[in-house]
Number of protein chains: 2
Amino acid sequence: MNERTVFFLSDQTGVTAETLGHSLITQFSSHDFRHVTLPFIDSDGKAREAVQKIDESGASDRRRPIIFSTIVQPEFRKIVKEADGLHLDIFDVFLEPLEQELEQQPAYESGRAHGMSDIEAYMKRIEATNFALANDDGGISRNYDMADVILVGVSRSGKTPTCLYLALQYGVYAANYPLTEEDFESGKLPDFLLKLTHKLYGLTIAPDRLRQIRKERRALGKYSSAQQVRYELRESEKIFKRYGIPRVDTTEFSIEEISSRILDSTGVERRVRP
Amino acid sequence: MNERTVFFLSDQTGVTAETLGHSLITQFSSHDFRHVTLPFIDSDGKAREAVQKIDESGASDRRRPIIFSTIVQPEFRKIVKEADGLHLDIFDVFLEPLEQELEQQPAYESGRAHGMSDIEAYMKRIEATNFALANDDGGISRNYDMADVILVGVSRSGKTPTCLYLALQYGVYAANYPLTEEDFESGKLPDFLLKLTHKLYGLTIAPDRLRQIRKERRALGKYSSAQQVRYELRESEKIFKRYGIPRVDTTEFSIEEISSRILDSTGVERRVRP
């Protein structure tokens, strides 16, 4: 494997540089990339420190690093450019065409890049998170009426993390309902969900994957047995079909992808934007 | 305000296109941007659908839209380019320099861009999320020993969402401890935290902001009174100083920023990469 160090530079958290860089370097599979994020580069001193780290890394690797940068302020960008490496800077590339298109000078203000400090957006995300926490794995009908979407599936199909992600990322009110032994036996959903079937969204998962996940929790016993896992998945599929519940197979997807697919397929509106 | 429609196109979730685009357009404050995300463009049909939506939007706005695209596969990118708009495509711009630098052809595989389907990373995030849920707002010493970091602060200072974000995004084990009336009176932390002070991280917040947040929960009473809020914040500050606990003021920051600053300042290692 060819080894390379990749730096993600930012005057903020570095999340933009990381997501951008990650989507690009994963196209080059014969390389082994070492990731270094240098966030909050918001002074001359920190910019020079970054240059030093990049150059040291290049010297020890004997290959120049790759540098993804989302630093807004021109003075710090200028310093960082002194580092020896392949510089891929989104502001270099995209700011000029935007400036021409919009006929306005950019503000060059770094706080704006992740300006979620807006209290309204913050409150919406917190409220949605509290909603997800209060309506997690609850057999009782709590505030299901208030939910934008109610995820349904067997234990460990990914309901809780998906609900939390929908809340934190998008401010969406996501509740979840874990299918129970009783539901499997009756082949029916509990009464309190029947008037809410339009809000239901099913999570399915491949039996082998589910067993693997359950074994991490409880290695032995019925819970992670092949027979039980297959039974639950088969019965949950019947329930989804009976009520016409749309569903996504979570086996191959990340939490982000599952969340995004649910929004895309249900048309549920985000309350906040990333 | 000048109005413009901005499209975020992706063959995956669209998160990369959104974070990239957002960090750029927020530099142009005299415009009012309408955001449209078109995720999962993974067929000729969907690419053509996107073109139609973009062109319709341009016709109704009487201004061409701005298009941020992270579509990997060349055939779909080609179709999408037929839309009338300002195309800002990260693969167009950055793939060639990377190809030259790494001396390898890119894979052009779209699944890779957000390839979190790796079971190990998924499990780490889930385990960290379960840890955060089990160790949230707990007065009892549960698994604080296992925590990478323990957030300390008054009620509504942002502990719970930050813990959940650290877990979901980075797989970090984050617990939290809400300071109590008893702690304020004694000026001390409870015994079970004393051997863990090196893991503690304080969240502070401006009194006015805290009041505003608390009022959303309970409009009246002591909980959101100016006096109580000031008292709690003053006493918590004393406790932070007494034990030398590092802290971040969450007033102006988003959950992402708070999380990122905690990792940066503590040196806690992420267990997964975005």
# chains A, B, ... in the order shown; residues from 1 in each chain; ligands from 1
call {"tool": "residues_around", "arguments": {"residues": "Thr129 of chain A", "least_positions_apart": "3", "cutoff": "8 Å", "atoms": "only C-alpha atoms", "output": "list of chain:residue names"}}
result
A:Arg125, A:Ile126, A:Ala132, A:Leu133, A:Leu164, A:Ala167, A:Leu168, A:Gly171, A:Tyr173, B:Pro161
call {"tool": "select_by_dssp", "arguments": {"residues": "segment 24-202 of chain B", "states": "strand (DSSP E)", "output": "PyMOL selection string"}}
result
chain B and resi 31-38+66-70+86-89+149-153+174-178+200-202
call {"tool": "residues_around", "arguments": {"residues": "segment 51-64 of chain B", "least_positions_apart": "2", "cutoff": "9 Å", "atoms": "only C-alpha atoms", "output": "ChimeraX atom specification"}}
result
/B:3-5,7,46-49,66-67,79-86
call {"tool": "select_by_dssp", "arguments": {"residues": "segment 6-210 of chain B", "states": "helix (DSSP H, G or I)", "output": "PyMOL selection string"}}
result
chain B and resi 15-25+44-61+74-80+90-102+110-114+119-134+144-146+159-170+181-186+191-194+197-199+207-210
call {"tool": "residues_around", "arguments": {"residues": "segment 149-153 of chain A", "least_positions_apart": "4", "cutoff": "10 Å", "atoms": "only C-alpha atoms", "output": "mmCIF file with N, CA and C atoms, in the first residue's frame"}}
result
data_model
loop_
_atom_site.group_PDB
_atom_site.id
_atom_site.type_symbol
_atom_site.label_atom_id
_atom_site.label_comp_id
_atom_site.auth_asym_id
_atom_site.auth_seq_id
_atom_site.Cartn_x
_atom_site.Cartn_y
_atom_site.Cartn_z
ATOM 1 N N ALA A 132 -36.879 12.500 20.586
ATOM 2 C CA ALA A 132 -36.387 11.158 20.239
ATOM 3 C C ALA A 132 -36.071 10.364 21.497
ATOM 4 N N ASN A 135 -39.255 9.255 23.265
ATOM 5 C CA ASN A 135 -40.089 8.338 22.502
ATOM 6 C C ASN A 135 -39.280 7.201 21.897
ATOM 7 N N ASP A 136 -38.291 6.780 22.655
ATOM 8 C CA ASP A 136 -37.402 5.734 22.197
ATOM 9 C C ASP A 136 -37.832 4.397 22.782
ATOM 10 N N ASP A 137 -37.975 3.423 21.897
ATOM 11 C CA ASP A 137 -38.257 2.053 22.330
ATOM 12 C C ASP A 137 -39.410 1.966 23.313
ATOM 13 N N TYR A 144 -46.576 9.925 20.147
ATOM 14 C CA TYR A 144 -46.479 9.485 18.759
ATOM 15 C C TYR A 144 -47.235 10.423 17.815
ATOM 16 N N ASP A 145 -48.298 11.042 18.334
ATOM 17 C CA ASP A 145 -49.056 11.980 17.506
ATOM 18 C C ASP A 145 -48.192 13.126 16.981
ATOM 19 N N SER A 157 -32.295 -3.134 14.812
ATOM 20 C CA SER A 157 -32.335 -2.875 13.368
ATOM 21 C C SER A 157 -31.859 -1.462 13.047
ATOM 22 N N GLY A 158 -31.540 -0.675 14.075
ATOM 23 C CA GLY A 158 -30.973 0.656 13.830
ATOM 24 C C GLY A 158 -31.925 1.801 14.143
ATOM 25 N N LYS A 159 -33.014 1.526 14.845
ATOM 26 C CA LYS A 159 -34.030 2.550 15.078
ATOM 27 C C LYS A 159 -33.500 3.723 15.926
ATOM 28 N N THR A 160 -32.914 3.407 17.080
ATOM 29 C CA THR A 160 -32.497 4.471 17.997
ATOM 30 C C THR A 160 -31.457 5.421 17.392
ATOM 31 N N THR A 162 -30.829 6.032 14.347
ATOM 32 C CA THR A 162 -31.407 6.770 13.223
ATOM 33 C C THR A 162 -32.309 7.897 13.730
ATOM 34 N N CYS A 163 -33.118 7.609 14.743
ATOM 35 C CA CYS A 163 -33.974 8.658 15.327
ATOM 36 C C CYS A 163 -33.123 9.816 15.863
ATOM 37 N N LEU A 166 -31.636 11.809 12.979
ATOM 38 C CA LEU A 166 -32.658 12.655 12.344
ATOM 39 C C LEU A 166 -32.924 13.901 13.187
ATOM 40 N N VAL A 172 -35.734 16.791 12.943
ATOM 41 C CA VAL A 172 -36.961 16.032 12.673
ATOM 42 C C VAL A 172 -37.398 15.273 13.930
ATOM 43 N N TYR A 173 -38.695 15.260 14.178
ATOM 44 C CA TYR A 173 -39.245 14.525 15.323
ATOM 45 C C TYR A 173 -39.438 13.062 14.937
ATOM 46 N N ALA A 174 -38.540 12.218 15.419
ATOM 47 C CA ALA A 174 -38.593 10.808 15.058
ATOM 48 C C ALA A 174 -38.772 9.964 16.311
ATOM 49 N N ALA A 175 -39.858 9.208 16.338
ATOM 50 C CA ALA A 175 -40.100 8.268 17.429
ATOM 51 C C ALA A 175 -39.782 6.870 16.903
ATOM 52 N N ASN A 176 -39.755 5.899 17.804
ATOM 53 C CA ASN A 176 -39.616 4.551 17.275
ATOM 54 C C ASN A 176 -40.411 3.555 18.082
ATOM 55 N N TYR A 177 -40.797 2.497 17.385
ATOM 56 C CA TYR A 177 -41.567 1.440 18.019
ATOM 57 C C TYR A 177 -40.915 0.097 17.708
ATOM 58 N N PRO A 178 -40.437 -0.596 18.733
ATOM 59 C CA PRO A 178 -39.833 -1.905 18.513
ATOM 60 C C PRO A 178 -40.905 -2.987 18.463
ATOM 61 N N LEU A 179 -40.915 -3.762 17.407
ATOM 62 C CA LEU A 179 -41.902 -4.838 17.279
ATOM 63 C C LEU A 179 -41.660 -5.874 18.377
ATOM 64 N N THR A 180 -42.748 -6.332 18.982
ATOM 65 C CA THR A 180 -42.630 -7.251 20.118
ATOM 66 C C THR A 180 -43.080 -8.665 19.739
ATOM 67 N N LEU A 193 -51.140 2.449 17.288
ATOM 68 C CA LEU A 193 -50.397 2.808 16.069
ATOM 69 C C LEU A 193 -51.286 2.796 14.817
ATOM 70 N N LEU A 196 -51.928 5.858 12.991
ATOM 71 C CA LEU A 196 -50.695 6.560 12.621
ATOM 72 C C LEU A 196 -49.896 5.817 11.553
ATOM 73 N N THR A 197 -50.549 4.872 10.868
ATOM 74 C CA THR A 197 -49.780 4.050 9.918
ATOM 75 C C THR A 197 -49.116 4.896 8.816
ATOM 76 N N HIS A 198 -49.683 6.060 8.510
ATOM 77 C CA HIS A 198 -49.081 6.917 7.483
ATOM 78 C C HIS A 198 -47.734 7.491 7.930
ATOM 79 N N LYS A 199 -47.479 7.449 9.234
ATOM 80 C CA LYS A 199 -46.199 7.965 9.733
ATOM 81 C C LYS A 199 -45.152 6.870 9.910
ATOM 82 N N LEU A 200 -45.565 5.626 9.754
ATOM 83 C CA LEU A 200 -44.659 4.511 10.043
ATOM 84 C C LEU A 200 -43.650 4.299 8.918
ATOM 85 N N TYR A 201 -42.458 3.953 9.320
ATOM 86 C CA TYR A 201 -41.417 3.614 8.349
ATOM 87 C C TYR A 201 -40.636 2.431 8.895
ATOM 88 N N GLY A 202 -40.524 1.390 8.092
ATOM 89 C CA GLY A 202 -39.911 0.162 8.578
ATOM 90 C C GLY A 202 -38.413 0.087 8.325
ATOM 91 N N LEU A 203 -37.688 -0.492 9.279
ATOM 92 C CA LEU A 203 -36.273 -0.794 9.066
ATOM 93 C C LEU A 203 -36.125 -2.313 8.979
ATOM 94 N N THR A 204 -35.534 -2.762 7.894
ATOM 95 C CA THR A 204 -35.243 -4.194 7.779
ATOM 96 C C THR A 204 -33.727 -4.357 7.748
ATOM 97 N N ILE A 205 -33.297 -5.582 7.874
ATOM 98 C CA ILE A 205 -31.860 -5.849 7.932
ATOM 99 C C ILE A 205 -31.646 -7.322 7.578
ATOM 100 N N GLU A 232 -38.151 -13.370 13.555
ATOM 101 C CA GLU A 232 -38.550 -11.970 13.772
ATOM 102 C C GLU A 232 -38.572 -11.177 12.473
ATOM 103 N N LEU A 233 -37.557 -11.392 11.642
ATOM 104 C CA LEU A 233 -37.496 -10.633 10.390
ATOM 105 C C LEU A 233 -38.625 -11.040 9.434
ATOM 106 N N SER A 236 -41.830 -9.543 10.862
ATOM 107 C CA SER A 236 -41.899 -8.078 10.711
ATOM 108 C C SER A 236 -42.199 -7.729 9.259
ATOM 109 N N GLU A 237 -41.645 -8.487 8.328
ATOM 110 C CA GLU A 237 -41.926 -8.256 6.912
ATOM 111 C C GLU A 237 -43.421 -8.430 6.626
ATOM 112 N N ILE A 239 -45.837 -7.921 8.711
ATOM 113 C CA ILE A 239 -46.529 -6.759 9.284
ATOM 114 C C ILE A 239 -46.372 -5.535 8.373
ATOM 115 N N PHE A 240 -45.142 -5.327 7.867
ATOM 116 C CA PHE A 240 -44.925 -4.196 6.950
ATOM 117 C C PHE A 240 -45.845 -4.312 5.732
ATOM 118 N N ILE A 245 -46.410 -0.539 4.892
ATOM 119 C CA ILE A 245 -45.402 0.358 5.479
ATOM 120 C C ILE A 245 -44.153 0.373 4.598
ATOM 121 N N ARG A 247 -40.231 0.742 3.601
ATOM 122 C CA ARG A 247 -39.119 0.290 4.449
ATOM 123 C C ARG A 247 -37.795 0.412 3.724
ATOM 124 N N ILE A 262 -34.841 7.984 4.371
ATOM 125 C CA ILE A 262 -36.165 8.124 4.987
ATOM 126 C C ILE A 262 -36.760 9.487 4.638
ATOM 127 N N LEU A 263 -35.963 10.546 4.768
ATOM 128 C CA LEU A 263 -36.470 11.877 4.429
ATOM 129 C C LEU A 263 -36.855 11.948 2.960
ATOM 130 N N THR A 266 -40.106 9.730 2.393
ATOM 131 C CA THR A 266 -41.353 10.155 3.049
ATOM 132 C C THR A 266 -41.741 11.579 2.694
ATOM 133 N N VAL A 268 -40.760 13.998 4.470
ATOM 134 C CA VAL A 268 -40.764 14.758 5.732
ATOM 135 C C VAL A 268 -39.792 15.927 5.594
#
call {"tool": "atom_distance", "arguments": {"atom1": "atom CA of Ser155 of chain B", "atom2": "atom CA of Tyr122 of chain A"}}
result
15.6 Å
call {"tool": "closest_residue", "arguments": {"among": "B:Lys195, B:Arg234, B:Lys222, B:Lys215", "to": "chain A", "atoms": "only C-alpha atoms"}}
result
B:Lys215
call {"tool": "closest_residue", "arguments": {"among": "A:Ser43, A:Phe33, A:Leu88, A:Glu101", "to": "Pro65 of chain B", "atoms": "only C-alpha atoms"}}
result
A:Glu101
call {"tool": "closest_residue", "arguments": {"among": "A:Glu18, A:Asp32, A:Asp92, A:Glu235", "to": "chain B", "atoms": "only C-alpha atoms"}}
result
A:Glu18
call {"tool": "closest_residue", "arguments": {"among": "B:Glu252, B:Glu96, B:Asp44, B:Glu185", "to": "chain A", "atoms": "only C-alpha atoms"}}
result
B:Glu252
